[in-house]
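Printed here is structure-v5.txt (compact mmCIF, C-alpha atoms):
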# COMPACT_ATOMS: atom_id res chain seq x y z
CA MET A 30 -12.05 -0.39 -0.82
CA ALA A 31 -8.76 -1.37 0.81
CA LEU A 32 -6.60 -0.07 -2.04
CA ALA A 33 -8.54 3.06 -2.91
CA ASP A 34 -6.16 5.08 -0.74
CA PRO A 35 -2.71 6.01 -2.13
CA VAL A 36 -1.08 5.60 1.31
CA ARG A 37 -2.35 2.01 1.55
CA ARG A 38 -1.17 1.29 -2.00
CA ALA A 39 2.25 2.66 -1.06
CA ILE A 40 2.33 0.50 2.10
CA VAL A 41 1.57 -2.60 0.02
CA ALA A 42 4.28 -1.58 -2.47
CA ARG A 43 6.81 -1.22 0.37
CA LEU A 44 5.85 -4.60 1.83
CA SER A 45 6.45 -6.26 -1.54
CA ARG A 46 10.16 -5.76 -0.75
CA GLY A 47 9.92 -7.55 2.61
CA GLU A 48 8.41 -7.26 6.09
CA ALA A 49 8.49 -3.92 7.91
CA THR A 50 7.46 -2.45 11.26
CA VAL A 51 4.80 0.23 11.62
CA ASN A 52 7.56 2.78 12.28
CA GLU A 53 9.36 1.81 9.08
CA LEU A 54 6.12 1.96 7.10
CA ALA A 55 5.23 5.38 8.53
CA GLU A 56 8.62 6.89 7.63
CA PRO A 57 7.95 8.08 4.04
CA PHE A 58 4.62 9.72 4.90
CA ALA A 59 3.79 13.10 6.35
CA ILE A 60 1.10 11.52 8.54
CA SER A 61 1.10 10.18 12.12
CA LYS A 62 2.08 6.66 13.13
CA GLN A 63 -1.48 6.25 14.43
CA ALA A 64 -2.89 7.08 10.98
CA VAL A 65 -0.52 4.53 9.40
CA SER A 66 -1.65 1.92 11.99
CA LYS A 67 -5.26 2.52 10.92
CA HIS A 68 -4.32 2.01 7.27
CA ILE A 69 -2.60 -1.27 8.24
CA GLN A 70 -5.74 -2.38 10.07
CA VAL A 71 -7.78 -1.80 6.90
CA LEU A 72 -5.26 -3.87 4.90
CA GLU A 73 -5.31 -6.60 7.57
CA HIS A 74 -9.10 -6.69 7.47
CA ALA A 75 -8.98 -7.06 3.67
CA GLY A 76 -6.60 -10.03 4.04
CA LEU A 77 -3.77 -8.27 2.22
CA VAL A 78 -1.33 -8.18 5.13
CA THR A 79 -0.71 -10.09 8.36
CA ARG A 80 1.19 -9.16 11.53
CA SER A 81 3.34 -11.50 13.62
CA ARG A 82 1.78 -11.93 17.05
CA ASP A 83 4.85 -13.28 18.83
CA ALA A 84 7.72 -10.99 17.88
CA GLN A 85 8.35 -7.81 19.86
CA ARG A 86 8.51 -5.58 16.78
CA ARG A 87 5.37 -7.17 15.29
CA PRO A 88 6.45 -6.71 11.68
CA VAL A 89 3.81 -6.47 8.95
CA HIS A 90 3.94 -9.06 6.15
CA LEU A 91 2.36 -8.96 2.74
CA ASP A 92 0.08 -11.93 2.02
CA ALA A 93 1.64 -14.25 -0.61
CA ALA A 94 -1.36 -13.98 -2.94
CA ALA A 95 -1.24 -10.19 -2.64
CA LEU A 96 2.42 -10.31 -3.65
CA GLU A 97 1.42 -12.10 -6.85
CA ARG A 98 -1.03 -9.32 -7.58
CA MET A 99 1.75 -6.78 -7.03
CA THR A 100 3.76 -8.40 -9.81
CA ALA A 101 0.73 -8.06 -12.04
CA TRP A 102 0.65 -4.33 -11.23
CA ILE A 103 4.21 -3.85 -12.45
CA ASP A 104 3.14 -5.58 -15.67
CA GLN A 105 0.18 -3.21 -15.64
CA TYR A 106 2.64 -0.29 -15.52
CA ARG A 107 4.26 -1.60 -18.68
CA LEU A 108 0.89 -1.92 -20.37
CA ILE A 109 -0.10 1.60 -19.37
CA ALA A 110 3.22 3.00 -20.62
CA GLU A 111 2.74 1.15 -23.91
CA SER A 112 -0.82 2.42 -24.35
CA ARG A 113 0.38 6.01 -23.76
CA PHE A 114 3.07 5.67 -26.40
CA ARG A 115 0.55 4.20 -28.86
CA ARG A 116 -1.65 7.24 -28.33
CA LEU A 117 1.40 9.37 -29.09
CA ASP A 118 2.00 7.27 -32.25
CA GLN A 119 -1.56 8.04 -33.39
CA LEU A 120 -1.17 11.73 -32.57
CA LEU A 121 2.09 11.93 -34.54
CA ALA A 122 0.62 9.99 -37.49
CA ALA A 123 -2.38 12.35 -37.61
CA ASP A 124 -0.03 15.35 -37.49
CA ILE A 125 2.08 14.03 -40.38
CA SER A 126 -0.93 13.18 -42.61
CA HIS A 127 -2.38 16.64 -41.87
CA GLN A 128 0.85 18.31 -42.95
CA GLU A 129 1.11 16.13 -46.07
CA SER A 130 -2.46 16.95 -47.11
CA ARG A 131 -1.70 20.65 -46.67
CA GLN A 132 1.40 20.27 -48.83
CA GLU A 133 -0.66 18.43 -51.46
CA GLN A 134 -3.21 21.24 -51.43
CA GLY A 135 -0.42 23.77 -51.78
CA LYS A 136 0.87 21.93 -54.89
CA THR A 137 -2.51 21.79 -56.64
CA GLU A 138 -3.14 25.46 -55.94
CA GLU A 139 0.13 26.47 -57.57
CA PRO A 140 -0.41 28.16 -60.95
CA LYS A 141 0.95 26.11 -63.87
CA MET B 27 4.16 -0.60 -37.28
CA ASN B 28 4.79 -1.95 -33.81
CA ASN B 29 7.34 0.10 -31.91
CA ALA B 30 8.31 -1.93 -28.84
CA THR B 31 8.74 -0.15 -25.54
CA THR B 32 11.67 -1.22 -23.38
CA ILE B 33 11.24 -0.51 -19.67
CA THR B 34 14.05 -1.53 -17.32
CA ALA B 35 13.74 -1.34 -13.53
CA ASP B 36 16.59 -3.41 -12.10
CA ASP B 37 16.66 -4.61 -8.49
CA GLY B 38 18.72 -2.57 -6.04
CA VAL B 39 19.02 0.65 -8.07
CA PRO B 40 16.41 3.46 -7.99
CA PHE B 41 16.18 3.88 -11.76
CA VAL B 42 13.56 3.34 -14.44
CA ASP B 43 14.88 3.37 -18.01
CA THR B 44 12.54 3.59 -20.96
CA VAL B 45 13.44 3.42 -24.65
CA ARG B 46 10.91 3.92 -27.45
CA GLU B 47 10.99 4.83 -31.14
CA PHE B 48 8.38 6.79 -33.08
CA ASP B 49 7.63 7.05 -36.81
CA ALA B 50 7.83 10.82 -36.79
CA PRO B 51 10.44 13.55 -36.95
CA VAL B 52 12.25 14.63 -33.78
CA SER B 53 10.54 18.05 -33.84
CA ALA B 54 7.05 16.47 -33.72
CA VAL B 55 7.92 14.05 -30.90
CA PHE B 56 9.57 16.83 -28.91
CA LYS B 57 6.58 19.14 -29.42
CA ALA B 58 4.23 16.42 -28.11
CA HIS B 59 6.31 16.43 -24.91
CA VAL B 60 6.36 20.19 -24.29
CA ASP B 61 3.02 21.47 -25.64
CA PRO B 62 0.42 20.97 -22.85
CA ASP B 63 -2.49 20.69 -25.32
CA LEU B 64 -0.74 17.85 -27.16
CA LEU B 65 0.52 16.27 -23.93
CA ALA B 66 -3.03 16.07 -22.57
CA LYS B 67 -3.99 13.96 -25.61
CA TRP B 68 -1.64 11.10 -24.82
CA LEU B 69 -0.16 11.30 -21.30
CA GLY B 70 -3.24 10.70 -19.18
CA PRO B 71 -4.88 7.33 -18.64
CA ARG B 72 -7.59 6.65 -21.21
CA ASN B 73 -10.46 6.49 -18.72
CA ALA B 74 -9.21 9.12 -16.30
CA LYS B 75 -8.95 12.87 -16.21
CA LEU B 76 -5.72 14.75 -16.76
CA ASN B 77 -5.95 18.36 -15.70
CA ILE B 78 -2.75 20.22 -16.64
CA THR B 79 -2.74 23.47 -14.68
CA ARG B 80 0.79 24.60 -15.54
CA TYR B 81 3.32 23.38 -18.08
CA ASP B 82 6.06 25.88 -18.82
CA ALA B 83 8.54 23.57 -20.56
CA THR B 84 11.49 25.96 -20.62
CA THR B 85 14.70 25.87 -18.56
CA GLY B 86 13.67 27.02 -15.06
CA GLY B 87 9.93 26.66 -15.79
CA SER B 88 7.55 24.60 -13.68
CA TRP B 89 4.70 22.16 -14.21
CA HIS B 90 1.71 20.82 -12.32
CA TYR B 91 -1.10 18.48 -13.21
CA GLU B 92 -3.79 16.41 -11.55
CA SER B 93 -4.74 12.95 -12.67
CA GLY B 94 -7.43 10.51 -11.63
CA HIS B 95 -11.19 10.56 -11.19
CA GLU B 96 -13.62 13.08 -9.72
CA ASP B 97 -13.46 11.61 -6.23
CA ALA B 98 -9.72 10.89 -6.25
CA MET B 99 -7.50 13.38 -8.07
CA PHE B 100 -3.77 13.03 -7.45
CA GLY B 101 -1.41 15.95 -7.93
CA PHE B 102 2.05 15.88 -9.50
CA ARG B 103 4.49 18.75 -9.90
CA GLY B 104 8.07 19.63 -10.67
CA ILE B 105 10.42 22.02 -12.42
CA PHE B 106 12.20 21.93 -15.76
CA HIS B 107 15.91 21.92 -15.00
CA SER B 108 17.06 21.99 -18.64
CA VAL B 109 15.10 22.10 -21.87
CA GLU B 110 16.94 22.01 -25.20
CA THR B 111 14.61 22.12 -28.21
CA ASP B 112 14.45 18.83 -30.14
CA ALA B 113 17.18 17.31 -27.96
CA LEU B 114 16.75 17.15 -24.18
CA ILE B 115 14.37 17.57 -21.23
CA ILE B 116 15.65 17.28 -17.65
CA MET B 117 12.85 17.71 -15.12
CA THR B 118 12.01 16.95 -11.51
CA PHE B 119 8.80 15.16 -10.48
CA GLU B 120 7.01 14.75 -7.18
CA PHE B 121 3.76 13.04 -6.22
CA ASP B 122 1.68 15.04 -3.71
CA GLY B 123 0.96 11.80 -1.83
CA ALA B 124 4.67 11.31 -1.10
CA PRO B 125 5.89 14.83 -0.27
CA ASN B 126 9.61 15.60 -0.59
CA GLN B 127 10.28 12.38 -2.52
CA VAL B 128 11.56 14.18 -5.61
CA GLY B 129 12.73 12.32 -8.69
CA ILE B 130 14.67 13.55 -11.69
CA SER B 131 14.05 12.42 -15.25
CA THR B 132 16.32 12.95 -18.25
CA THR B 133 14.77 12.40 -21.68
CA THR B 134 16.80 12.63 -24.86
CA PHE B 135 15.41 12.83 -28.39
CA GLU B 136 17.49 11.63 -31.32
CA GLU B 137 16.98 10.83 -34.97
CA VAL B 138 17.66 7.22 -35.91
CA GLY B 139 17.20 6.43 -39.60
CA GLY B 140 14.43 8.96 -40.18
CA ARG B 141 12.64 7.94 -36.99
CA THR B 142 12.87 9.35 -33.50
CA ARG B 143 14.22 7.50 -30.49
CA ILE B 144 13.47 8.75 -27.00
CA VAL B 145 15.56 7.50 -24.09
CA ALA B 146 14.20 8.34 -20.63
CA HIS B 147 16.23 7.81 -17.44
CA GLU B 148 14.29 8.36 -14.20
CA VAL B 149 16.14 8.59 -10.89
CA TYR B 150 14.13 8.20 -7.67
CA PRO B 151 15.33 9.18 -4.17
CA SER B 152 15.37 5.51 -3.11
CA VAL B 153 14.64 2.01 -4.42
CA GLU B 154 11.51 2.02 -2.21
CA ALA B 155 10.27 5.27 -3.77
CA ARG B 156 10.92 3.82 -7.23
CA ASP B 157 9.01 0.64 -6.44
CA MET B 158 6.13 2.60 -4.94
CA ALA B 159 5.94 4.69 -8.09
CA LEU B 160 5.98 1.57 -10.28
CA ALA B 161 3.47 -0.35 -8.17
CA THR B 162 1.10 2.49 -7.52
CA GLY B 163 1.33 3.96 -10.99
CA MET B 164 2.05 7.42 -9.63
CA ASN B 165 3.35 8.69 -12.92
CA TYR B 166 1.03 6.75 -15.13
CA GLY B 167 -2.24 6.89 -13.22
CA VAL B 168 -2.81 3.17 -12.98
CA VAL B 169 -6.11 3.84 -11.25
CA GLU B 170 -8.21 1.38 -13.24
CA GLY B 171 -6.08 -1.58 -12.19
CA TYR B 172 -6.56 -0.81 -8.52
CA GLU B 173 -10.28 -0.36 -8.90
CA ARG B 174 -10.51 -3.76 -10.54
CA LEU B 175 -8.42 -5.22 -7.72
CA ASP B 176 -10.66 -3.53 -5.16
CA GLU B 177 -13.68 -5.12 -6.82
CA LEU B 178 -11.89 -8.45 -6.63
CA LEU B 179 -11.19 -7.99 -2.93
CA ALA B 180 -14.60 -6.56 -1.99
Encoded form using structure tokens:
Amino acid sequence: MALADPVRRAIVARLSRGEATVNELAEPFAISKQAVSKHIQVLEHAGLVTRSRDAQRRPVHLDAAALERMTAWIDQYRLIAESRFRRLDQLLAADISHQESRQEQGKTEEPK
Amino acid sequence: MNNATTITADDGVPFVDTVREFDAPVSAVFKAHVDPDLLAKWLGPRNAKLNITRYDATTGGSWHYESGHEDAMFGFRGIFHSVETDALIIMTFEFDGAPNQVGISTTTFEEVGGRTRIVAHEVYPSVEARDMALATGMNYGVVEGYERLDELLA
């Protein structure tokens, strides 16, 4: 479950903007560099990221196929936002019809 | 009636702008944003839990909720900077998984031809924080998508 952890999801999100060193990846988190290294190992094992063997800084790269999936996630965000708003539409529609039916009842109960 | 949602997240700036119209009066749309019982009916992901522990939507009030599944609940919290009934909500938001990365959202409510338009402007502390929030669904609990991806990768 490589992406079950929010830290690993955040690391993948950061890498979608370009390569980064372990130090750079560790920066936003309140956890040790060692803990971040372990998360990167899990992502490496899952084939989501690779690390350059030759360079001194050994930057972490996001796998190209994983990057494509990232784009799909941003689309997913749009879908989720839309589904929330449609639930709100339904809630508001139910509220209005409830009020209208109460008004109708009020009218029929009025003495003529 | 299909009310399109416009979400803009331009490169290089840490903003997310959302515009949406609703077929309801401003007062009803506003109430659905400040009443925790109503909020719980639409904000959370369909197949996930949304546990609102605090939602005092008044100027200076605070909020906190948890979203997710039994084995992975994620906390979010913030304060209401300004709340003007039927007009404006300015609030901060922070994901427990990214401590001290505090965003600010400004949502305005206005009547447009008998309908209600909401315009939300979210400001994140950095472009990276914004992209993390978008990609990880911090505010929207995009848990299902990741679980499907995990299944794909397993």
Just want the 9 Å neighbourhood of Arg156 (chain B), counted on all atoms listed in the file, with same-chain residues fewer than 3 positions away dropped. Output as a PDB file with C-alpha atoms, in the coordinates of the input.
ATOM      1  CA  ALA B  35      13.740  -1.340 -13.530  1.00  0.00           C
ATOM      2  CA  VAL B  39      19.020   0.650  -8.070  1.00  0.00           C
ATOM      3  CA  PRO B  40      16.410   3.460  -7.990  1.00  0.00           C
ATOM      4  CA  PHE B  41      16.180   3.880 -11.760  1.00  0.00           C
ATOM      5  CA  VAL B  42      13.560   3.340 -14.440  1.00  0.00           C
ATOM      6  CA  GLY B 129      12.730  12.320  -8.690  1.00  0.00           C
ATOM      7  CA  GLU B 148      14.290   8.360 -14.200  1.00  0.00           C
ATOM      8  CA  VAL B 149      16.140   8.590 -10.890  1.00  0.00           C
ATOM      9  CA  TYR B 150      14.130   8.200  -7.670  1.00  0.00           C
ATOM     10  CA  PRO B 151      15.330   9.180  -4.170  1.00  0.00           C
ATOM     11  CA  SER B 152      15.370   5.510  -3.110  1.00  0.00           C
ATOM     12  CA  VAL B 153      14.640   2.010  -4.420  1.00  0.00           C
ATOM     13  CA  ALA B 159       5.940   4.690  -8.090  1.00  0.00           C
ATOM     14  CA  LEU B 160       5.980   1.570 -10.280  1.00  0.00           C
ATOM     15  CA  ALA B 161       3.470  -0.350  -8.170  1.00  0.00           C
TER      16      ALA B 161
END
Notebook entry, point to check: What separation in Å, quoted to one decimal, exists between CA of Thr79 (chain B) and CA of Leu64 (chain B)?
Noted result: 13.8 Å
Next item on the list: Would you list the contacts of Ala146 (chain B) as an MDAnalysis selection string, taking every protein, DNA or RNA residue within 6 Å and counting only C-alpha atoms, but skipping same-chain residues closer than 3 positions in sequence?
Entry: chainID B and resid 43:44 132:133
Go ahead and save the picked residues with C-alpha atoms, as a PDB file, in the frame of the given file.
ATOM      1  CA  ASP B  43      14.880   3.370 -18.010  1.00  0.00           C
ATOM      2  CA  THR B  44      12.540   3.590 -20.960  1.00  0.00           C
ATOM      3  CA  THR B 132      16.320  12.950 -18.250  1.00  0.00           C
ATOM      4  CA  THR B 133      14.770  12.400 -21.680  1.00  0.00           C
TER       5      THR B 133
END
Note to self: Measuring between all atoms listed in the file, which one of A:Leu91, A:Ala110, A:Leu120, A:Ile125 shows the shortest distance to Arg46 (chain A)?
What the structure shows: A:Leu91
Notebook entry, point to check: Could you name the residues that touch Arg116 (chain A) at 6 Å or less, counting all atoms listed in the file, but leaving out those on the same chain fewer than 3 positions away, as a PyMOL selection string?
Noted result: (chain A and resi 113+119) or (chain B and resi 68)
Check: What is the CA of Glu53 (chain A)-CA of Arg103 (chain B) distance in Å, reported with one decimal?
Finding: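 About the pair CA of Glu53 (chain A) and CA of Arg103 (chain B): they are 25.9 Å apart.
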Checklist line | Nearest-residue call for Ser108 (chain B), choices B:Thr142, B:Thr34, B:Ser88, B:Asn77, using all atoms listed in the file | finding: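 Closest to Ser108 (chain B), using all atoms listed in the file: B:Ser88.
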Notebook entry, point to check: Using all atoms listed in the file, which residue out of A:Val51, A:Leu121, A:Ile109, A:Ile60 lies closest to His90 (chain A)?
Noted result: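 For His90 (chain A), the nearest of the candidates is A:Val51.
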Next item on the list: Please provide as a PyMOL selection string all residues within 12 Å of Leu117 (chain A), with the sequence filter that same-chain residues fewer than 6 positions apart are discarded (counting all atoms listed in the file).
Entry: (chain A and resi 110-111+123-124) or (chain B and resi 29+46-50+54-59+64-70)
